[in-house]
file upload_37.csv (CSV, C-alpha atoms)
chain,number,residue,atom,x,y,z
A,719,MET,CA,0.0,0.0,0.0
A,720,GLY,CA,2.9,2.4,0.7
A,721,GLU,CA,4.1,2.0,-2.9
A,722,LEU,CA,0.7,3.0,-4.2
A,723,GLU,CA,0.5,6.0,-1.9
A,724,THR,CA,4.0,7.2,-3.0
A,725,LEU,CA,2.9,6.9,-6.6
A,726,GLU,CA,-0.3,8.9,-5.8
A,727,ARG,CA,1.8,11.7,-4.5
A,728,GLU,CA,4.0,11.7,-7.6
A,729,LEU,CA,1.0,11.9,-9.8
A,730,ARG,CA,-0.3,14.9,-8.0
A,731,LEU,CA,3.0,16.7,-8.5
A,732,HIS,CA,3.0,15.9,-12.2
A,733,ALA,CA,-0.6,16.4,-13.0
A,734,ALA,CA,-1.3,17.8,-16.5
A,735,GLY,CA,-4.1,18.1,-19.0
A,736,GLY,CA,-4.4,16.1,-22.2
A,737,ASP,CA,-5.1,12.5,-23.0
A,738,VAL,CA,-5.9,9.9,-20.4
A,739,SER,CA,-3.3,7.2,-19.7
A,740,ALA,CA,-3.3,4.2,-17.4
A,741,LEU,CA,-0.6,3.0,-15.0
A,742,VAL,CA,-0.7,-0.8,-14.7
A,743,ARG,CA,0.5,-2.6,-11.6
A,744,LEU,CA,-0.2,-6.4,-11.6
A,745,ILE,CA,-1.2,-7.7,-8.2
A,746,ARG,CA,-2.5,-10.9,-6.7
A,747,SER,CA,-6.3,-11.0,-6.6
A,748,ASP,CA,-7.8,-10.0,-3.3
A,749,PRO,CA,-11.5,-9.1,-2.8
A,750,ALA,CA,-10.6,-6.5,-0.2
A,751,TRP,CA,-8.8,-4.2,-2.6
A,752,PRO,CA,-11.8,-2.0,-3.6
A,753,GLN,CA,-12.7,-1.3,0.0
A,754,VAL,CA,-9.0,-0.5,0.8
A,755,LEU,CA,-8.9,2.0,-2.0
A,756,ARG,CA,-12.1,3.7,-0.9
A,757,SER,CA,-11.0,3.9,2.7
A,758,ARG,CA,-7.8,5.7,1.6
A,759,ARG,CA,-9.9,8.1,-0.6
A,760,MET,CA,-8.2,6.7,-3.8
A,761,GLU,CA,-11.3,6.1,-5.8
A,762,GLN,CA,-9.6,7.0,-9.1
A,763,TRP,CA,-7.8,3.6,-8.7
A,764,PHE,CA,-9.7,0.5,-9.6
A,765,VAL,CA,-9.2,-3.2,-9.5
A,766,LEU,CA,-9.6,-5.0,-12.9
A,767,PRO,CA,-9.9,-8.8,-12.6
A,768,LEU,CA,-8.0,-10.6,-15.4
A,769,ASN,CA,-9.0,-14.2,-14.6
A,770,ASP,CA,-12.0,-14.4,-16.9
A,771,GLY,CA,-10.1,-13.4,-20.0
A,772,ALA,CA,-12.3,-10.4,-20.7
A,773,TYR,CA,-9.4,-8.0,-21.2
A,774,THR,CA,-7.2,-9.9,-23.6
A,775,ALA,CA,-4.4,-7.2,-23.9
A,776,LEU,CA,-4.0,-7.0,-20.1
A,777,ALA,CA,-4.2,-10.7,-19.7
A,778,GLU,CA,-1.4,-11.0,-22.3
A,779,LEU,CA,0.6,-8.4,-20.4
A,780,LYS,CA,0.2,-10.4,-17.2
A,781,ARG,CA,1.4,-13.6,-18.9
A,782,HIS,CA,4.4,-11.8,-20.4
A,783,MET,CA,5.4,-10.3,-17.0
A,784,GLU,CA,5.2,-13.7,-15.3
A,785,GLU,CA,7.4,-15.1,-18.0
A,786,LEU,CA,10.0,-12.4,-17.4
A,787,THR,CA,9.8,-13.1,-13.7
A,788,ALA,CA,10.5,-16.8,-14.4
A,789,LEU,CA,13.4,-15.9,-16.6
A,790,GLN,CA,14.9,-13.9,-13.8
A,791,GLY,CA,14.9,-17.0,-11.6
A,792,GLN,CA,11.9,-16.2,-9.3
A,793,ASP,CA,8.7,-18.1,-8.7
A,794,PRO,CA,5.9,-15.6,-9.3
A,795,LEU,CA,3.6,-17.2,-6.7
A,796,THR,CA,5.8,-17.6,-3.7
A,797,GLY,CA,8.6,-15.1,-4.4
A,798,LEU,CA,11.2,-17.9,-3.8
A,799,VAL,CA,13.9,-18.9,-6.3
A,800,ASN,CA,12.4,-21.1,-9.1
A,801,ARG,CA,14.0,-24.3,-10.5
A,802,ARG,CA,16.1,-22.3,-13.1
A,803,GLY,CA,17.5,-20.0,-10.4
A,804,PHE,CA,18.0,-23.0,-8.0
A,805,ASP,CA,20.1,-24.9,-10.6
A,806,GLN,CA,22.3,-21.9,-11.1
A,807,ALA,CA,22.8,-21.5,-7.4
A,808,MET,CA,23.6,-25.2,-7.1
A,809,ALA,CA,26.3,-25.0,-9.7
A,810,LEU,CA,27.8,-21.9,-8.1
A,811,GLU,CA,27.8,-23.4,-4.5
A,812,ALA,CA,29.1,-26.7,-5.7
A,813,GLU,CA,32.1,-25.0,-7.3
A,814,ARG,CA,32.6,-22.8,-4.2
A,815,SER,CA,32.5,-25.8,-1.9
A,816,GLY,CA,35.0,-27.7,-4.0
A,817,ARG,CA,37.4,-24.8,-4.1
A,818,PHE,CA,37.3,-23.8,-0.4
A,819,ARG,CA,36.7,-27.4,0.9
A,820,THR,CA,33.6,-26.3,2.8
A,821,PRO,CA,30.5,-28.4,3.5
A,822,LEU,CA,27.4,-28.2,1.3
A,823,THR,CA,24.0,-29.6,2.2
A,824,LEU,CA,20.8,-29.9,0.2
A,825,CYS,CA,17.3,-30.3,1.8
A,826,VAL,CA,14.4,-31.4,-0.4
A,827,MET,CA,10.9,-31.2,1.0
A,828,ASP,CA,7.4,-32.0,-0.2
A,829,ILE,CA,4.0,-31.1,1.2
A,830,ASP,CA,2.1,-34.2,2.4
A,831,ASP,CA,-1.2,-34.9,0.7
A,832,PHE,CA,-1.2,-31.6,-1.2
A,833,LYS,CA,-3.5,-33.0,-3.9
A,834,ALA,CA,-6.2,-33.6,-1.3
A,835,VAL,CA,-5.9,-29.9,-0.2
A,836,ASN,CA,-6.5,-28.8,-3.8
A,837,ASP,CA,-9.3,-31.3,-4.4
A,838,THR,CA,-11.1,-30.4,-1.1
A,839,TYR,CA,-10.6,-26.7,-0.8
A,840,GLY,CA,-9.7,-25.5,-4.3
A,841,HIS,CA,-6.5,-24.2,-5.9
A,842,VAL,CA,-6.8,-20.7,-4.3
A,843,CYS,CA,-6.4,-22.4,-0.9
A,844,GLY,CA,-3.6,-24.5,-2.4
A,845,ASP,CA,-1.8,-21.3,-3.4
A,846,THR,CA,-2.2,-20.0,0.1
A,847,VAL,CA,-0.6,-23.1,1.5
A,848,LEU,CA,2.3,-22.7,-0.9
A,849,LYS,CA,2.8,-19.1,0.1
A,850,THR,CA,2.7,-20.0,3.8
A,851,ILE,CA,5.4,-22.6,3.3
A,852,ALA,CA,7.5,-20.1,1.4
A,853,SER,CA,7.2,-17.6,4.3
A,854,VAL,CA,8.4,-20.2,6.8
A,855,LEU,CA,11.4,-21.0,4.7
A,856,GLN,CA,12.3,-17.4,4.2
A,857,ALA,CA,12.0,-16.8,8.0
A,858,GLU,CA,14.2,-19.7,9.0
A,859,THR,CA,17.0,-19.5,6.4
A,860,ARG,CA,20.0,-17.2,6.2
A,861,LEU,CA,20.8,-14.7,3.4
A,862,ILE,CA,23.5,-17.0,2.0
A,863,ASP,CA,21.1,-19.9,1.8
A,864,THR,CA,18.9,-20.6,-1.3
A,865,ALA,CA,15.3,-21.4,-0.6
A,866,ALA,CA,13.5,-22.5,-3.8
A,867,ARG,CA,10.2,-23.9,-5.1
A,868,ILE,CA,11.4,-26.5,-7.5
A,869,GLY,CA,8.1,-28.2,-8.4
A,870,GLY,CA,4.4,-28.0,-7.8
A,871,GLU,CA,4.5,-28.6,-4.0
A,872,GLU,CA,8.2,-29.4,-3.8
A,873,PHE,CA,10.7,-27.1,-2.2
A,874,ALA,CA,14.4,-27.1,-1.6
A,875,ILE,CA,17.0,-25.4,0.5
A,876,LEU,CA,20.7,-25.2,-0.4
A,877,LEU,CA,22.9,-24.6,2.7
A,878,PRO,CA,26.5,-23.6,1.9
A,879,GLY,CA,29.0,-24.0,4.8
A,880,THR,CA,26.5,-26.2,6.7
A,881,GLY,CA,27.0,-29.8,7.7
A,882,LEU,CA,24.5,-32.6,8.1
A,883,LEU,CA,23.8,-32.2,11.8
A,884,ARG,CA,23.1,-28.4,11.6
A,885,ALA,CA,21.0,-28.9,8.6
A,886,CYS,CA,18.8,-31.5,10.4
A,887,LYS,CA,18.4,-29.0,13.3
A,888,LEU,CA,17.2,-26.4,10.8
A,889,LEU,CA,14.7,-28.9,9.2
A,890,GLU,CA,13.3,-29.7,12.7
A,891,ARG,CA,12.6,-26.0,13.2
A,892,ILE,CA,11.0,-25.7,9.8
A,893,GLN,CA,9.0,-28.8,10.4
A,894,ALA,CA,7.6,-27.5,13.7
A,895,ALA,CA,6.9,-24.1,12.2
A,896,VAL,CA,4.9,-25.7,9.3
A,897,VAL,CA,2.8,-27.8,11.7
A,898,GLU,CA,2.1,-24.8,13.9
A,899,ALA,CA,1.1,-22.6,11.1
A,900,ARG,CA,-2.7,-22.2,10.7
A,901,ILE,CA,-3.7,-21.5,7.1
A,902,ARG,CA,-7.0,-19.8,6.6
A,903,CYS,CA,-9.1,-21.2,3.7
A,904,GLY,CA,-12.5,-19.7,3.7
A,905,ASP,CA,-14.1,-20.4,7.1
A,906,LYS,CA,-11.6,-23.1,8.0
A,907,ASP,CA,-8.1,-23.2,9.4
A,908,LEU,CA,-5.8,-25.9,7.8
A,909,SER,CA,-2.6,-27.4,9.0
A,910,VAL,CA,-0.2,-29.3,6.7
A,911,THR,CA,2.9,-31.3,7.2
A,912,MET,CA,6.0,-31.9,5.0
A,913,SER,CA,8.3,-34.9,4.3
A,914,MET,CA,11.9,-33.9,4.1
A,915,GLY,CA,15.1,-35.5,2.8
A,916,VAL,CA,18.7,-34.2,3.3
A,917,ALA,CA,22.0,-35.0,1.6
A,918,SER,CA,25.4,-33.5,2.4
A,919,TYR,CA,29.1,-33.2,1.5
A,920,ARG,CA,31.6,-32.5,4.2
A,921,GLY,CA,33.9,-30.6,1.9
A,922,LYS,CA,36.4,-33.4,1.1
A,923,GLN,CA,35.7,-33.3,-2.6
A,924,ILE,CA,33.9,-31.2,-5.3
A,925,PRO,CA,30.2,-31.9,-4.8
A,926,ASP,CA,28.4,-33.7,-7.7
A,927,ALA,CA,25.2,-31.5,-8.0
A,928,ALA,CA,23.2,-34.3,-9.7
A,929,LEU,CA,24.1,-36.9,-7.1
A,930,LEU,CA,23.4,-34.4,-4.3
A,931,MET,CA,19.9,-33.8,-5.7
A,932,GLU,CA,19.3,-37.5,-6.3
A,933,GLU,CA,20.3,-38.5,-2.8
A,934,ALA,CA,18.2,-35.8,-1.1
A,935,ASP,CA,15.2,-36.7,-3.3
A,936,GLN,CA,15.5,-40.4,-2.4
A,937,ALA,CA,15.7,-39.5,1.3
A,938,MET,CA,12.6,-37.4,1.0
A,939,TYR,CA,10.7,-40.4,-0.6
A,940,ARG,CA,11.9,-42.6,2.2
A,941,ALA,CA,10.3,-40.2,4.6
A,942,LYS,CA,7.1,-40.4,2.6
A,943,ARG,CA,7.1,-44.2,2.8
A,944,ALA,CA,7.9,-44.2,6.5
A,945,GLY,CA,4.7,-42.4,7.3
A,946,LYS,CA,5.2,-38.7,6.2
A,947,ASN,CA,5.9,-35.7,8.4
A,948,ARG,CA,9.5,-37.0,8.8
A,949,ILE,CA,13.1,-36.1,8.1
A,950,GLU,CA,15.4,-38.7,6.5
A,951,ALA,CA,19.1,-38.2,5.8
A,952,ALA,CA,21.3,-39.8,3.1
A,953,PRO,CA,24.7,-41.1,4.1
A,954,ILE,CA,27.3,-38.3,3.9
A,955,LEU,CA,28.5,-38.5,0.3
A,956,ASP,CA,32.2,-38.0,0.9
A,957,LEU,CA,32.4,-39.7,4.3
A,958,ALA,CA,34.8,-42.4,3.0
A,959,LEU,CA,37.5,-40.0,2.0
A,960,GLY,CA,40.5,-39.7,4.3
A,961,GLU,CA,41.9,-36.5,5.8
A,962,ASP,CA,43.0,-34.0,3.2
A,963,ARG,CA,46.8,-33.6,3.7
A,964,SER,CA,46.7,-30.2,2.0
A,965,LEU,CA,44.6,-28.8,4.9
A,966,VAL,CA,46.0,-27.8,8.3
A,967,HIS,CA,45.9,-30.9,10.5
A,968,GLN,CA,43.4,-30.8,13.4
A,969,ASN,CA,46.1,-30.8,16.0
A,970,GLU,CA,47.8,-27.9,14.3
A,971,LYS,CA,44.5,-26.0,14.3
A,972,ARG,CA,44.1,-26.5,18.1
A,973,PHE,CA,47.7,-25.3,18.6
A,974,LEU,CA,47.3,-22.2,16.5
A,975,PHE,CA,44.0,-21.2,18.2
A,976,SER,CA,45.2,-22.0,21.7
A,977,SER,CA,48.3,-19.8,21.2
A,978,PHE,CA,46.0,-16.8,21.1
A,979,PHE,CA,44.5,-17.5,24.5
A,980,ALA,CA,47.2,-19.3,26.5
A,981,PRO,CA,49.1,-17.0,29.0
A,982,SER,CA,52.6,-16.1,27.9
A,983,PRO,CA,55.4,-17.9,29.8
A,984,LEU,CA,57.7,-15.9,31.9
A,985,ALA,CA,61.1,-15.1,30.5
A,986,GLY,CA,63.5,-18.0,31.0
A,987,GLU,CA,60.8,-20.3,32.4
A,988,ASP,CA,60.9,-23.9,31.3
A,989,ARG,CA,57.6,-24.7,29.5
A,990,GLY,CA,58.0,-28.4,30.3
call {"tool": "encode", "arguments": {"input": "upload_37.csv", "output": "structure tokens"}}
result
Amino acid sequence: MGELETLERELRLHAAGGDVSALVRLIRSDPAWPQVLRSRRMEQWFVLPLNDGAYTALAELKRHMEELTALQGQDPLTGLVNRRGFDQAMALEAERSGRFRTPLTLCVMDIDDFKAVNDTYGHVCGDTVLKTIASVLQAETRLIDTAARIGGEEFAILLPGTGLLRACKLLERIQAAVVEARIRCGDKDLSVTMSMGVASYRGKQIPDAALLMEEADQAMYRAKRAGKNRIEAAPILDLALGEDRSLVHQNEKRFLFSSFFAPSPLAGEDRG
């Protein structure tokens, strides 16, 4: 609403005579918009539904803008990264993980019984569920993480610099937040659950993005088969690899860090 009021002030400053033009801003449908405009004394603005196809040119504009949004890597419904943007992020983070020998973890999650939600309450309610899940993911993840909608009711989170244990703790928080969320559909409050799979590299080799996705996906399906609303983890993909001799040894790390905090010995004192 603030964006609209700012534009209204600009229009007053640049008011001029002549032909009439229209400023178009595509928004998600909401029956409350006409009342909101009247309450703000902005009657010159009006809501033009596009769903019935009555306004062909505007409907085409809407389609074109949604295509542009998709090309930019964003899912137009949830605002999350879409599959195209996710694949780009995966390639970048896999390269970064291999170069700096840092962990990389992928979480794949799917809404349980989502088809039943659409069949029972309609696709508008289904969209509300998807947007609610997206809000939870955005609230629980860091700026460096990539939260994406990669399919109809399937989501993914890419976690650079995060190992398996920390990723599972994150998924537990997300799982609890999803269960606690009450999603308003008409006169009913819905609650949904998610099945989740996680796969991880420790940073001992360059991650194989396709294998990471496959293992996380298979873990998610194991969670479905085991009863849904569960988290299943794949074995760590580079667990069998030995210690990388090019890295500082763990004992050397402990020595280097302890030297900053240990008291300095007295001059001439035998350190033993």
call {"tool": "closest_residue", "arguments": {"input": "upload_37.csv", "among": "A:Gly881, A:Gln893, A:Glu932, A:Trp763", "to": "A:Leu957", "atoms": "all atoms listed in the file"}}
result
A:Gly881
call {"tool": "atom_distance", "arguments": {"input": "upload_37.csv", "atom1": "atom CA of A:Gly791", "atom2": "atom CA of A:Ile868"}}
result
10.9 Å
call {"tool": "closest_atom_pairs", "arguments": {"input": "upload_37.csv", "of": "stretch 828-877 of chain A", "to": "stretch 897-900 of chain A", "cutoff": "12 Å", "atoms": "all atoms listed in the file", "output": "CSV"}}
result
residue,atom,partner,partner_atom,distance
A:Ile829,CA,A:Val897,CA,11.1
A:Asp830,CA,A:Val897,CA,11.3
A:Thr846,CA,A:Arg900,CA,10.8
A:Val847,CA,A:Arg900,CA,9.5
A:Lys849,CA,A:Ala899,CA,11.7
A:Thr850,CA,A:Ala899,CA,7.9
A:Ile851,CA,A:Ala899,CA,8.9
A:Ala852,CA,A:Ala899,CA,11.9
A:Ser853,CA,A:Ala899,CA,10.4
A:Val854,CA,A:Ala899,CA,8.8
call {"tool": "residues_near_point", "arguments": {"input": "upload_37.csv", "point": "(15.0, -24.2, -5.7)", "cutoff": "6 Å", "atoms": "all atoms listed in the file", "output": "list in words"}}
result
Val799, Asn800, Arg801, Phe804, Ala865, Ala866, Arg867, Ile868 and Ala874 of chain A
call {"tool": "residues_around", "arguments": {"input": "upload_37.csv", "residues": "A:Asp863", "least_positions_apart": "2", "cutoff": "6 Å", "atoms": "all atoms listed in the file", "output": "list of chain:residue names"}}
result
A:Arg860, A:Leu861, A:Leu876, A:Leu877
call {"tool": "atom_distance", "arguments": {"input": "upload_37.csv", "atom1": "atom CA of A:Met931", "atom2": "atom CA of A:Pro878"}}
result
14.3 Å
call {"tool": "atom_distance", "arguments": {"input": "upload_37.csv", "atom1": "atom CA of A:Val765", "atom2": "atom CA of A:Arg781"}}
result
17.6 Å
call {"tool": "residues_around", "arguments": {"input": "upload_37.csv", "residues": "A:Ala951", "least_positions_apart": "3", "cutoff": "7 Å", "atoms": "all atoms listed in the file", "output": "JSON list (two decimals) with C-alpha atoms, in the frame of the given file"}}
result
[["chain", "number", "residue", "atom", "x", "y", "z"],
["A", 915, "GLY", "CA", 15.10, -35.50, 2.80],
["A", 916, "VAL", "CA", 18.70, -34.20, 3.30],
["A", 917, "ALA", "CA", 22.00, -35.00, 1.60],
["A", 937, "ALA", "CA", 15.70, -39.50, 1.30]]
call {"tool": "closest_residue", "arguments": {"input": "upload_37.csv", "among": "A:Gly870, A:Pro821, A:Gly816, A:Pro925", "to": "A:His841", "atoms": "only C-alpha atoms"}}
result
A:Gly870
call {"tool": "closest_residue", "arguments": {"input": "upload_37.csv", "among": "A:Leu883, A:Gly921, A:Val754, A:Arg891", "to": "A:Arg817", "atoms": "only C-alpha atoms"}}
result
A:Gly921
call {"tool": "closest_residue", "arguments": {"input": "upload_37.csv", "among": "A:Asp907, A:Arg819, A:Ile901, A:Phe873", "to": "A:Asp793", "atoms": "only C-alpha atoms"}}
result
A:Phe873
call {"tool": "closest_residue", "arguments": {"input": "upload_37.csv", "among": "A:Gly904, A:Gly879, A:Pro953, A:Gly945", "to": "A:Phe818", "atoms": "only C-alpha atoms"}}
result
A:Gly879
call {"tool": "closest_residue", "arguments": {"input": "upload_37.csv", "among": "A:Ala952, A:Val910, A:Cys903, A:Ala958", "to": "A:Tyr839", "atoms": "only C-alpha atoms"}}
result
A:Cys903
